[in-house]
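Colleague: Structure incoming, see below.
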Amino acid sequence: AQKVTQAQTEISVVEKEDVTLDCVYETRDTTYYLFWYKQPPSGELVFLIRRNSFDEQNEISGRYSWNFQKSTSSFNFTITASQVVDSAVYFCALSEGDTPLVFGKGTRLSVIA
Amino acid sequence: GAVVSQHPSWVICKSGTSVKIECRSLDFQATTMFWYRQFPKQSLMLMATSNEGSKATYEQGVEKDKFLINHASLTLSTLTVTSAHPEDSSFYICSATMGPLELYSNQPQHFGDGTRLSIL
């Protein structure tokens, strides 16, 4: 069975600080896909990244970076030099092939000016 | 591309009313659509999976007679909350996929903007 754990319920940082959001997953499949979504207060889900299980390369996109480690079943997300606009709920999700996404409980990030 | 439109974005109605939410794929054909529900400060929970032209598959604990799903075309799925009660108040989000064609794409599921349902 698939499971995604985001142990951090809420995080509060001061603007310009770096912050890492943790994600640990469980799956029995060797082929799977990991995602991060941002949900601002308006509610819509904003797609951030997708990673497949065969690609462990870390990725950087602007201030965002992701660290995928199969050895620890983790897919952590780091925001560097955080900004107020980064305040949102962030969800990590898992899919095994074409199955529906299973979401973690989310981490609410508050960036204080 | 790959835009999903969800309507209405917000609805408030009296207890006992039935409410229909539409999910449309605007520029692609969605072989599969998913319906999720999100209670305040909680995660998204999958309610059901619908494939065009067939009956929806509901997740355990979701009442299929309460939440009617119709996926009559490749671009439209509807969720009807029948005889809604205050406990049905939630944020409902749909997503659509072209199915196996998107298996290797960067973003296999495309989400609507959600519908906030408030039952008084």
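Each chain in the structure tokens gets a letter, A, B, ..., in the order shown, and its residues are numbered from 1; ligands are numbered from 1 in order too.
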Give me, as a list in words, the contact residues of chain A against chain B at a cut-off of 9 Å, counting only C-alpha atoms.

Modeller: Phe35, Ser42, Gly43, Glu44, Leu45, Val46, Phe47, Ile49, Arg50, Arg51, Asn52, Val89, Phe91, Gly97, Asp98, Pro100, Leu101, Val102, Phe103, Gly104, Lys105, Gly106 and Arg108 of chain A

Colleague: What parts of chain B does DSSP call strand (DSSP E)? I'd like the answer as a PyMOL selection string.

Modeller: chain B and resi 4-7+10-13+19-25+32-38+44-51+57-58+67-73+76-81+90-97+110-111+115-119

Colleague: For Phe68 (chain A), find every residue with an atom within 8 Å (counting only C-alpha atoms), except residues of its own chain fewer than 4 positions away, and show them as a PDB file with all heavy atoms, in the first residue's frame.

Modeller:
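Contents of selection09.pdb, freshly written:
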```pdb
ATOM      1  N   GLU A  56      17.277   9.558  -9.486  1.00  0.00           N
ATOM      2  CA  GLU A  56      17.581  10.070  -8.154  1.00  0.00           C
ATOM      3  C   GLU A  56      18.338  11.376  -8.182  1.00  0.00           C
ATOM      4  O   GLU A  56      18.795  11.856  -7.149  1.00  0.00           O
ATOM      5  CB  GLU A  56      18.386   9.034  -7.363  1.00  0.00           C
ATOM      6  CG  GLU A  56      17.536   7.934  -6.770  1.00  0.00           C
ATOM      7  CD  GLU A  56      18.294   7.134  -5.723  1.00  0.00           C
ATOM      8  OE1 GLU A  56      18.414   7.617  -4.581  1.00  0.00           O
ATOM      9  OE2 GLU A  56      18.756   6.034  -6.044  1.00  0.00           O
ATOM     10  N   GLN A  57      18.485  11.951  -9.328  1.00  0.00           N
ATOM     11  CA  GLN A  57      19.189  13.230  -9.401  1.00  0.00           C
ATOM     12  C   GLN A  57      18.416  14.298  -8.667  1.00  0.00           C
ATOM     13  O   GLN A  57      17.201  14.385  -8.778  1.00  0.00           O
ATOM     14  CB  GLN A  57      19.355  13.658 -10.857  1.00  0.00           C
ATOM     15  CG  GLN A  57      20.470  12.943 -11.578  1.00  0.00           C
ATOM     16  CD  GLN A  57      20.761  13.566 -12.920  1.00  0.00           C
ATOM     17  OE1 GLN A  57      20.005  14.373 -13.420  1.00  0.00           O
ATOM     18  NE2 GLN A  57      21.884  13.198 -13.519  1.00  0.00           N
ATOM     19  N   ASN A  58      19.129  15.094  -7.915  1.00  0.00           N
ATOM     20  CA  ASN A  58      18.479  16.210  -7.265  1.00  0.00           C
ATOM     21  C   ASN A  58      18.151  17.275  -8.307  1.00  0.00           C
ATOM     22  O   ASN A  58      18.796  17.359  -9.354  1.00  0.00           O
ATOM     23  CB  ASN A  58      19.377  16.791  -6.172  1.00  0.00           C
ATOM     24  CG  ASN A  58      19.550  15.817  -5.016  1.00  0.00           C
ATOM     25  OD1 ASN A  58      18.654  15.041  -4.720  1.00  0.00           O
ATOM     26  ND2 ASN A  58      20.697  15.859  -4.372  1.00  0.00           N
ATOM     27  N   SER A  73      13.889   6.496   1.451  1.00  0.00           N
ATOM     28  CA  SER A  73      12.502   6.722   0.989  1.00  0.00           C
ATOM     29  C   SER A  73      12.054   8.148   1.296  1.00  0.00           C
ATOM     30  O   SER A  73      10.975   8.370   1.854  1.00  0.00           O
ATOM     31  CB  SER A  73      11.551   5.715   1.642  1.00  0.00           C
ATOM     32  OG  SER A  73      11.873   4.410   1.270  1.00  0.00           O
ATOM     33  N   SER A  74      12.888   9.086   0.940  1.00  0.00           N
ATOM     34  CA  SER A  74      12.550  10.473   1.227  1.00  0.00           C
ATOM     35  C   SER A  74      12.642  11.326  -0.030  1.00  0.00           C
ATOM     36  O   SER A  74      13.418  11.042  -0.951  1.00  0.00           O
ATOM     37  CB  SER A  74      13.480  11.030   2.312  1.00  0.00           C
ATOM     38  OG  SER A  74      14.810  11.069   1.856  1.00  0.00           O
ATOM     39  N   PHE A  75      11.831  12.353  -0.031  1.00  0.00           N
ATOM     40  CA  PHE A  75      11.807  13.289  -1.160  1.00  0.00           C
ATOM     41  C   PHE A  75      11.580  14.666  -0.560  1.00  0.00           C
ATOM     42  O   PHE A  75      10.464  15.184  -0.552  1.00  0.00           O
ATOM     43  CB  PHE A  75      10.707  12.897  -2.147  1.00  0.00           C
ATOM     44  CG  PHE A  75      10.673  13.701  -3.416  1.00  0.00           C
ATOM     45  CD1 PHE A  75      11.839  14.017  -4.096  1.00  0.00           C
ATOM     46  CD2 PHE A  75       9.470  14.134  -3.944  1.00  0.00           C
ATOM     47  CE1 PHE A  75      11.820  14.751  -5.273  1.00  0.00           C
ATOM     48  CE2 PHE A  75       9.427  14.869  -5.123  1.00  0.00           C
ATOM     49  CZ  PHE A  75      10.604  15.174  -5.779  1.00  0.00           C
ATOM     50  N   ASN A  76      12.640  15.256  -0.055  1.00  0.00           N
ATOM     51  CA  ASN A  76      12.540  16.506   0.673  1.00  0.00           C
ATOM     52  C   ASN A  76      12.626  17.719  -0.237  1.00  0.00           C
ATOM     53  O   ASN A  76      13.284  17.687  -1.276  1.00  0.00           O
ATOM     54  CB  ASN A  76      13.626  16.586   1.748  1.00  0.00           C
ATOM     55  CG  ASN A  76      13.469  15.503   2.798  1.00  0.00           C
ATOM     56  OD1 ASN A  76      12.382  14.954   2.985  1.00  0.00           O
ATOM     57  ND2 ASN A  76      14.555  15.173   3.474  1.00  0.00           N
TER      58      ASN A  76
END
```

Colleague: Enumerate the residues of chain A with a DSSP assignment of helix (DSSP H, G or I), computed from the backbone, and present them as a PyMOL selection string.

Modeller: chain A and resi 70-72+84-86
